[in-house]
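Structure below is work_12.pdb: PDB, C-alpha atoms, pLDDT in the B column.
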ATOM      1  CA  MET M  27       0.072  -8.327 -13.460  1.00 68.00           C
ATOM      2  CA  ILE M  28       3.285  -6.283 -13.735  1.00 86.00           C
ATOM      3  CA  PRO M  29       5.561  -6.634 -16.770  1.00 90.00           C
ATOM      4  CA  ALA M  30       8.643  -8.711 -15.954  1.00 91.00           C
ATOM      5  CA  GLN M  31      11.041  -5.961 -17.059  1.00 94.00           C
ATOM      6  CA  ASN M  32       9.495  -3.600 -14.477  1.00 94.00           C
ATOM      7  CA  ILE M  33      10.010  -6.148 -11.717  1.00 93.00           C
ATOM      8  CA  VAL M  34      13.612  -6.713 -12.806  1.00 93.00           C
ATOM      9  CA  ALA M  35      14.229  -2.950 -12.882  1.00 95.00           C
ATOM     10  CA  TRP M  36      12.704  -2.500  -9.413  1.00 93.00           C
ATOM     11  CA  GLY M  37      14.898  -5.358  -8.194  1.00 93.00           C
ATOM     12  CA  SER M  38      17.909  -3.093  -8.700  1.00 92.00           C
ATOM     13  CA  VAL M  39      16.363  -0.573  -6.266  1.00 89.00           C
ATOM     14  CA  VAL M  40      15.309  -2.920  -3.447  1.00 90.00           C
ATOM     15  CA  PRO M  41      17.409  -5.562  -1.683  1.00 89.00           C
ATOM     16  CA  TRP M  42      14.972  -8.486  -1.947  1.00 89.00           C
ATOM     17  CA  ALA M  43      16.253 -11.613  -3.678  1.00 86.00           C
ATOM     18  CA  ASP M  44      12.835 -13.222  -4.178  1.00 92.00           C
ATOM     19  CA  GLN M  45      11.050 -11.845  -7.267  1.00 92.00           C
ATOM     20  CA  ARG M  46       7.686 -12.162  -5.507  1.00 93.00           C
ATOM     21  CA  GLN M  47       8.951  -9.808  -2.797  1.00 93.00           C
ATOM     22  CA  VAL M  48      10.291  -7.386  -5.404  1.00 93.00           C
ATOM     23  CA  GLU M  49       6.891  -7.371  -7.121  1.00 94.00           C
ATOM     24  CA  GLN M  50       5.058  -6.889  -3.805  1.00 92.00           C
ATOM     25  CA  ASP M  51       7.355  -3.994  -2.894  1.00 92.00           C
ATOM     26  CA  LEU M  52       6.657  -2.363  -6.258  1.00 93.00           C
ATOM     27  CA  ILE M  53       2.898  -2.802  -5.754  1.00 93.00           C
ATOM     28  CA  ILE M  54       3.108  -1.245  -2.277  1.00 91.00           C
ATOM     29  CA  SER M  55       5.100   1.698  -3.645  1.00 92.00           C
ATOM     30  CA  ARG M  56       2.605   2.361  -6.427  1.00 94.00           C
ATOM     31  CA  ALA M  57      -0.368   1.997  -4.063  1.00 94.00           C
ATOM     32  CA  LEU M  58       1.144   4.565  -1.703  1.00 95.00           C
ATOM     33  CA  ILE M  59       1.632   7.010  -4.556  1.00 95.00           C
ATOM     34  CA  ASP M  60      -1.956   6.522  -5.722  1.00 97.00           C
ATOM     35  CA  ILE M  61      -3.380   6.842  -2.197  1.00 96.00           C
ATOM     36  CA  PHE M  62      -1.477   9.972  -1.249  1.00 96.00           C
ATOM     37  CA  ASN M  63      -1.957  11.694  -4.606  1.00 97.00           C
ATOM     38  CA  ASP M  64      -5.705  11.598  -3.918  1.00 98.00           C
ATOM     39  CA  ASP M  65      -7.035  14.744  -2.195  1.00 98.00           C
ATOM     40  CA  LEU M  66      -9.558  12.967   0.057  1.00 97.00           C
ATOM     41  CA  LEU M  67      -7.271  10.128   1.097  1.00 97.00           C
ATOM     42  CA  SER M  68      -4.209  12.295   1.682  1.00 97.00           C
ATOM     43  CA  ALA M  69      -6.259  14.581   3.947  1.00 96.00           C
ATOM     44  CA  GLU M  70      -7.882  11.742   5.905  1.00 96.00           C
ATOM     45  CA  LEU M  71      -5.153   9.111   6.230  1.00 96.00           C
ATOM     46  CA  ARG M  72      -1.635   8.789   7.592  1.00 96.00           C
ATOM     47  CA  PHE M  73       0.869   6.065   6.762  1.00 95.00           C
ATOM     48  CA  ARG M  74       2.401   4.298   9.776  1.00 90.00           C
ATOM     49  CA  GLY M  75       4.084   1.108  10.915  1.00 87.00           C
ATOM     50  CA  GLY M  76       7.084  -0.869   9.741  1.00 85.00           C
ATOM     51  CA  THR M  77       6.486  -0.291   6.045  1.00 84.00           C
ATOM     52  CA  ALA M  78       6.322   3.468   6.689  1.00 87.00           C
ATOM     53  CA  LEU M  79       9.625   3.391   8.555  1.00 85.00           C
ATOM     54  CA  ASN M  80      11.277   1.414   5.762  1.00 79.00           C
ATOM     55  CA  LYS M  81       9.869   3.529   2.939  1.00 82.00           C
ATOM     56  CA  LEU M  82      10.243   6.979   4.514  1.00 84.00           C
ATOM     57  CA  HIS M  83      12.961   7.003   7.157  1.00 82.00           C
ATOM     58  CA  PHE M  84      15.610   4.344   6.661  1.00 83.00           C
ATOM     59  CA  PRO M  85      18.164   4.842   3.871  1.00 81.00           C
ATOM     60  CA  GLU M  86      17.811   1.144   2.981  1.00 80.00           C
ATOM     61  CA  PRO M  87      14.981  -1.211   3.938  1.00 77.00           C
ATOM     62  CA  LEU M  88      15.749  -3.187   7.080  1.00 78.00           C
ATOM     63  CA  ARG M  89      13.018  -5.768   6.624  1.00 81.00           C
ATOM     64  CA  TYR M  90      10.522  -6.932   4.050  1.00 83.00           C
ATOM     65  CA  SER M  91       6.976  -5.578   4.469  1.00 84.00           C
ATOM     66  CA  GLU M  92       3.831  -7.044   2.956  1.00 87.00           C
ATOM     67  CA  ASP M  93       1.223  -4.494   3.950  1.00 91.00           C
ATOM     68  CA  ILE M  94       0.334  -0.835   4.289  1.00 92.00           C
ATOM     69  CA  ASP M  95      -0.879   0.417   7.672  1.00 92.00           C
ATOM     70  CA  LEU M  96      -3.066   3.501   7.485  1.00 94.00           C
ATOM     71  CA  VAL M  97      -4.625   5.461  10.336  1.00 93.00           C
ATOM     72  CA  ARG M  98      -7.530   7.888  10.155  1.00 94.00           C
ATOM     73  CA  THR M  99      -6.851  11.482  11.228  1.00 93.00           C
ATOM     74  CA  THR M 100     -10.455  12.684  11.592  1.00 93.00           C
ATOM     75  CA  ALA M 101     -13.721  11.442  13.064  1.00 93.00           C
ATOM     76  CA  GLY M 102     -16.696  10.557  10.910  1.00 91.00           C
ATOM     77  CA  PRO M 103     -18.081   7.834   8.686  1.00 92.00           C
ATOM     78  CA  ILE M 104     -15.428   5.524   7.229  1.00 91.00           C
ATOM     79  CA  GLY M 105     -17.545   4.490   4.227  1.00 93.00           C
ATOM     80  CA  PRO M 106     -16.452   7.294   1.877  1.00 96.00           C
ATOM     81  CA  ILE M 107     -12.793   6.598   2.620  1.00 95.00           C
ATOM     82  CA  LEU M 108     -13.157   2.858   2.027  1.00 94.00           C
ATOM     83  CA  ASP M 109     -15.087   3.544  -1.178  1.00 96.00           C
ATOM     84  CA  ARG M 110     -12.355   5.890  -2.400  1.00 97.00           C
ATOM     85  CA  LEU M 111      -9.622   3.356  -1.580  1.00 96.00           C
ATOM     86  CA  ARG M 112     -11.510   0.825  -3.702  1.00 95.00           C
ATOM     87  CA  GLU M 113     -11.911   3.334  -6.556  1.00 97.00           C
ATOM     88  CA  ILE M 114      -8.187   4.096  -6.519  1.00 97.00           C
ATOM     89  CA  LEU M 115      -6.774   0.577  -6.085  1.00 95.00           C
ATOM     90  CA  GLU M 116      -9.220  -1.913  -7.602  1.00 95.00           C
ATOM     91  CA  PRO M 117      -8.764  -0.828 -11.248  1.00 95.00           C
ATOM     92  CA  TRP M 118      -5.206  -2.169 -11.238  1.00 93.00           C
ATOM     93  CA  LEU M 119      -5.161  -4.584  -8.260  1.00 93.00           C
ATOM     94  CA  GLY M 120      -8.500  -6.298  -8.823  1.00 91.00           C
ATOM     95  CA  ARG M 121     -11.346  -6.663  -6.383  1.00 94.00           C
ATOM     96  CA  ALA M 122     -10.377  -6.269  -2.736  1.00 91.00           C
ATOM     97  CA  GLN M 123     -11.271  -8.888  -0.172  1.00 91.00           C
ATOM     98  CA  PHE M 124     -12.741  -7.023   2.793  1.00 88.00           C
ATOM     99  CA  ASP M 125     -12.568  -8.057   6.439  1.00 90.00           C
ATOM    100  CA  GLN M 126     -13.848  -6.053   9.388  1.00 87.00           C
ATOM    101  CA  SER M 127     -11.689  -6.901  12.382  1.00 85.00           C
ATOM    102  CA  PRO M 128     -12.626  -5.730  15.886  1.00 84.00           C
ATOM    103  CA  VAL M 129     -10.060  -2.940  15.523  1.00 83.00           C
ATOM    104  CA  ALA M 130     -10.143  -1.811  11.891  1.00 86.00           C
ATOM    105  CA  PRO M 131     -11.266  -2.671   8.368  1.00 88.00           C
ATOM    106  CA  ASN M 132      -8.798  -4.633   6.241  1.00 88.00           C
ATOM    107  CA  PHE M 133      -8.469  -4.903   2.480  1.00 88.00           C
ATOM    108  CA  ALA M 134      -6.521  -7.742   0.906  1.00 88.00           C
ATOM    109  CA  PHE M 135      -5.637  -7.901  -2.768  1.00 87.00           C
ATOM    110  CA  VAL M 136      -4.774 -11.472  -3.687  1.00 77.00           C
TER
END
Show the structure stored in the file as structure tokens.
Amino acid sequence: MIPAQNIVAWGSVVPWADQRQVEQDLIISRALIDIFNDDLLSAELRFRGGTALNKLHFPEPLRYSEDIDLVRTTAGPIGPILDRLREILEPWLGRAQFDQSPVAPNFAFV
């Protein structure tokens, strides 16, 4: 999916020894950029949780994170937001696996 030289280069930025973790961290970083460069998504969503703390607040990551936790800031139908997330991420991550938990929708890109 990602050229090996990009993963190696990102490995000099993050502390993870496992190349799979380096690649996952790079994917998360790019996804965040894509999500928050989008007008609709940046207005409707906020980034929270352990990954947010590691990416935004700590000078160096304290733990490895595998996911992105987003919270909605407004009331209303979630469909347009989920559709836009798919439009933004699926072209380069492939089709998302969707799961509706009792608390929130979840996308997984495998």
Requested in this report: Could you give me, as a list of chain:residue names, the residues within 12 Å of range 119-133 of chain M, counting only C-alpha atoms and dropping anything in the same chain fewer than 5 positions from it?
Outcome: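 Contacts, with the query itself left out: M:Met27, M:Ile28, M:Gln50, M:Ile53, M:Ile54, M:Arg56, M:Ala57, M:Asp60, M:Asp93, M:Ile94, M:Asp95, M:Leu96, M:Val97, M:Arg98, M:Ile104, M:Gly105, M:Ile107, M:Leu108, M:Asp109, M:Leu111, M:Arg112, M:Glu113, M:Ile114.
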Report task. Could you state which residues are captured by the PyMOL selection byres ((chain M and resi 46) around 12) in this file, as an NGL selection string? Result -> :M and (27-28 or 30 or 33-34 or 36-37 or 42-45 or 47-53 or 90-92)
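CA of Trp118 in chain M is positioned 23.3 Å from CA of Ser38 in chain M.
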Report task. Calculate how many Å separate CA of Leu58 in chain M from CA of Leu79 in chain M, rounding to one decimal. Result ->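 Taking CA of Leu58 in chain M as the start and CA of Leu79 in chain M as the end point, the length is 13.4 Å.
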Query raised in the report: Could you state the separation of CA of Phe62 in chain M and CA of Gln31 in chain M in Å, given to one decimal place?
Result: 25.7 Å
Return range 65-92 of chain M, completed with N, CA and C atoms, as a PDB file, keeping the file's coordinate frame.
ATOM      1  N   ASP M  65      -6.755  13.667  -3.154  1.00 98.00           N
ATOM      2  CA  ASP M  65      -7.035  14.744  -2.195  1.00 98.00           C
ATOM      3  C   ASP M  65      -7.752  14.251  -0.939  1.00 98.00           C
ATOM      4  N   LEU M  66      -8.811  13.458  -1.104  1.00 97.00           N
ATOM      5  CA  LEU M  66      -9.558  12.967   0.057  1.00 97.00           C
ATOM      6  C   LEU M  66      -8.683  12.075   0.931  1.00 97.00           C
ATOM      7  N   LEU M  67      -8.044  11.092   0.321  1.00 97.00           N
ATOM      8  CA  LEU M  67      -7.271  10.128   1.097  1.00 97.00           C
ATOM      9  C   LEU M  67      -6.060  10.767   1.766  1.00 97.00           C
ATOM     10  N   SER M  68      -5.392  11.665   1.075  1.00 97.00           N
ATOM     11  CA  SER M  68      -4.209  12.295   1.682  1.00 97.00           C
ATOM     12  C   SER M  68      -4.589  13.207   2.848  1.00 97.00           C
ATOM     13  N   ALA M  69      -5.800  13.750   2.833  1.00 96.00           N
ATOM     14  CA  ALA M  69      -6.259  14.581   3.947  1.00 96.00           C
ATOM     15  C   ALA M  69      -6.728  13.744   5.131  1.00 96.00           C
ATOM     16  N   GLU M  70      -7.255  12.559   4.865  1.00 96.00           N
ATOM     17  CA  GLU M  70      -7.882  11.742   5.905  1.00 96.00           C
ATOM     18  C   GLU M  70      -6.987  10.661   6.504  1.00 96.00           C
ATOM     19  N   LEU M  71      -5.939  10.267   5.806  1.00 96.00           N
ATOM     20  CA  LEU M  71      -5.153   9.111   6.230  1.00 96.00           C
ATOM     21  C   LEU M  71      -3.697   9.467   6.473  1.00 96.00           C
ATOM     22  N   ARG M  72      -3.076   8.709   7.375  1.00 96.00           N
ATOM     23  CA  ARG M  72      -1.635   8.789   7.592  1.00 96.00           C
ATOM     24  C   ARG M  72      -1.067   7.379   7.479  1.00 96.00           C
ATOM     25  N   PHE M  73       0.144   7.312   6.998  1.00 95.00           N
ATOM     26  CA  PHE M  73       0.869   6.065   6.762  1.00 95.00           C
ATOM     27  C   PHE M  73       1.734   5.805   7.986  1.00 95.00           C
ATOM     28  N   ARG M  74       1.630   4.596   8.574  1.00 90.00           N
ATOM     29  CA  ARG M  74       2.401   4.298   9.776  1.00 90.00           C
ATOM     30  C   ARG M  74       2.860   2.850   9.770  1.00 90.00           C
ATOM     31  N   GLY M  75       3.651   2.484  10.755  1.00 87.00           N
ATOM     32  CA  GLY M  75       4.084   1.108  10.915  1.00 87.00           C
ATOM     33  C   GLY M  75       5.439   0.834  10.287  1.00 87.00           C
ATOM     34  N   GLY M  76       5.783  -0.447  10.240  1.00 85.00           N
ATOM     35  CA  GLY M  76       7.084  -0.869   9.741  1.00 85.00           C
ATOM     36  C   GLY M  76       7.333  -0.514   8.292  1.00 85.00           C
ATOM     37  N   THR M  77       6.318  -0.649   7.453  1.00 84.00           N
ATOM     38  CA  THR M  77       6.486  -0.291   6.045  1.00 84.00           C
ATOM     39  C   THR M  77       6.766   1.201   5.921  1.00 84.00           C
ATOM     40  N   ALA M  78       6.089   2.018   6.719  1.00 87.00           N
ATOM     41  CA  ALA M  78       6.322   3.468   6.689  1.00 87.00           C
ATOM     42  C   ALA M  78       7.755   3.787   7.086  1.00 87.00           C
ATOM     43  N   LEU M  79       8.236   3.151   8.140  1.00 85.00           N
ATOM     44  CA  LEU M  79       9.625   3.391   8.555  1.00 85.00           C
ATOM     45  C   LEU M  79      10.594   3.024   7.440  1.00 85.00           C
ATOM     46  N   ASN M  80      10.377   1.863   6.827  1.00 79.00           N
ATOM     47  CA  ASN M  80      11.277   1.414   5.762  1.00 79.00           C
ATOM     48  C   ASN M  80      11.212   2.305   4.530  1.00 79.00           C
ATOM     49  N   LYS M  81      10.028   2.738   4.163  1.00 82.00           N
ATOM     50  CA  LYS M  81       9.869   3.529   2.939  1.00 82.00           C
ATOM     51  C   LYS M  81      10.269   4.995   3.126  1.00 82.00           C
ATOM     52  N   LEU M  82      10.081   5.541   4.328  1.00 84.00           N
ATOM     53  CA  LEU M  82      10.243   6.979   4.514  1.00 84.00           C
ATOM     54  C   LEU M  82      11.460   7.402   5.329  1.00 84.00           C
ATOM     55  N   HIS M  83      11.942   6.547   6.214  1.00 82.00           N
ATOM     56  CA  HIS M  83      12.961   7.003   7.157  1.00 82.00           C
ATOM     57  C   HIS M  83      14.321   6.318   7.028  1.00 82.00           C
ATOM     58  N   PHE M  84      14.334   5.053   6.726  1.00 83.00           N
ATOM     59  CA  PHE M  84      15.610   4.344   6.661  1.00 83.00           C
ATOM     60  C   PHE M  84      16.215   4.483   5.271  1.00 83.00           C
ATOM     61  N   PRO M  85      17.538   4.692   5.187  1.00 81.00           N
ATOM     62  CA  PRO M  85      18.164   4.842   3.871  1.00 81.00           C
ATOM     63  C   PRO M  85      18.044   3.577   3.019  1.00 81.00           C
ATOM     64  N   GLU M  86      18.028   2.420   3.664  1.00 80.00           N
ATOM     65  CA  GLU M  86      17.811   1.144   2.981  1.00 80.00           C
ATOM     66  C   GLU M  86      16.825   0.338   3.810  1.00 80.00           C
ATOM     67  N   PRO M  87      15.951  -0.416   3.173  1.00 77.00           N
ATOM     68  CA  PRO M  87      14.981  -1.211   3.938  1.00 77.00           C
ATOM     69  C   PRO M  87      15.685  -2.186   4.875  1.00 77.00           C
ATOM     70  N   LEU M  88      15.181  -2.270   6.099  1.00 78.00           N
ATOM     71  CA  LEU M  88      15.749  -3.187   7.080  1.00 78.00           C
ATOM     72  C   LEU M  88      15.018  -4.521   7.116  1.00 78.00           C
ATOM     73  N   ARG M  89      13.783  -4.520   6.647  1.00 81.00           N
ATOM     74  CA  ARG M  89      13.018  -5.768   6.624  1.00 81.00           C
ATOM     75  C   ARG M  89      11.977  -5.686   5.517  1.00 81.00           C
ATOM     76  N   TYR M  90      11.540  -6.846   5.090  1.00 83.00           N
ATOM     77  CA  TYR M  90      10.522  -6.932   4.050  1.00 83.00           C
ATOM     78  C   TYR M  90       9.152  -6.673   4.665  1.00 83.00           C
ATOM     79  N   SER M  91       8.328  -5.882   4.005  1.00 84.00           N
ATOM     80  CA  SER M  91       6.976  -5.578   4.469  1.00 84.00           C
ATOM     81  C   SER M  91       5.968  -6.007   3.419  1.00 84.00           C
ATOM     82  N   GLU M  92       4.863  -6.560   3.873  1.00 87.00           N
ATOM     83  CA  GLU M  92       3.831  -7.044   2.956  1.00 87.00           C
ATOM     84  C   GLU M  92       2.566  -6.207   2.968  1.00 87.00           C
TER      85      GLU M  92
END
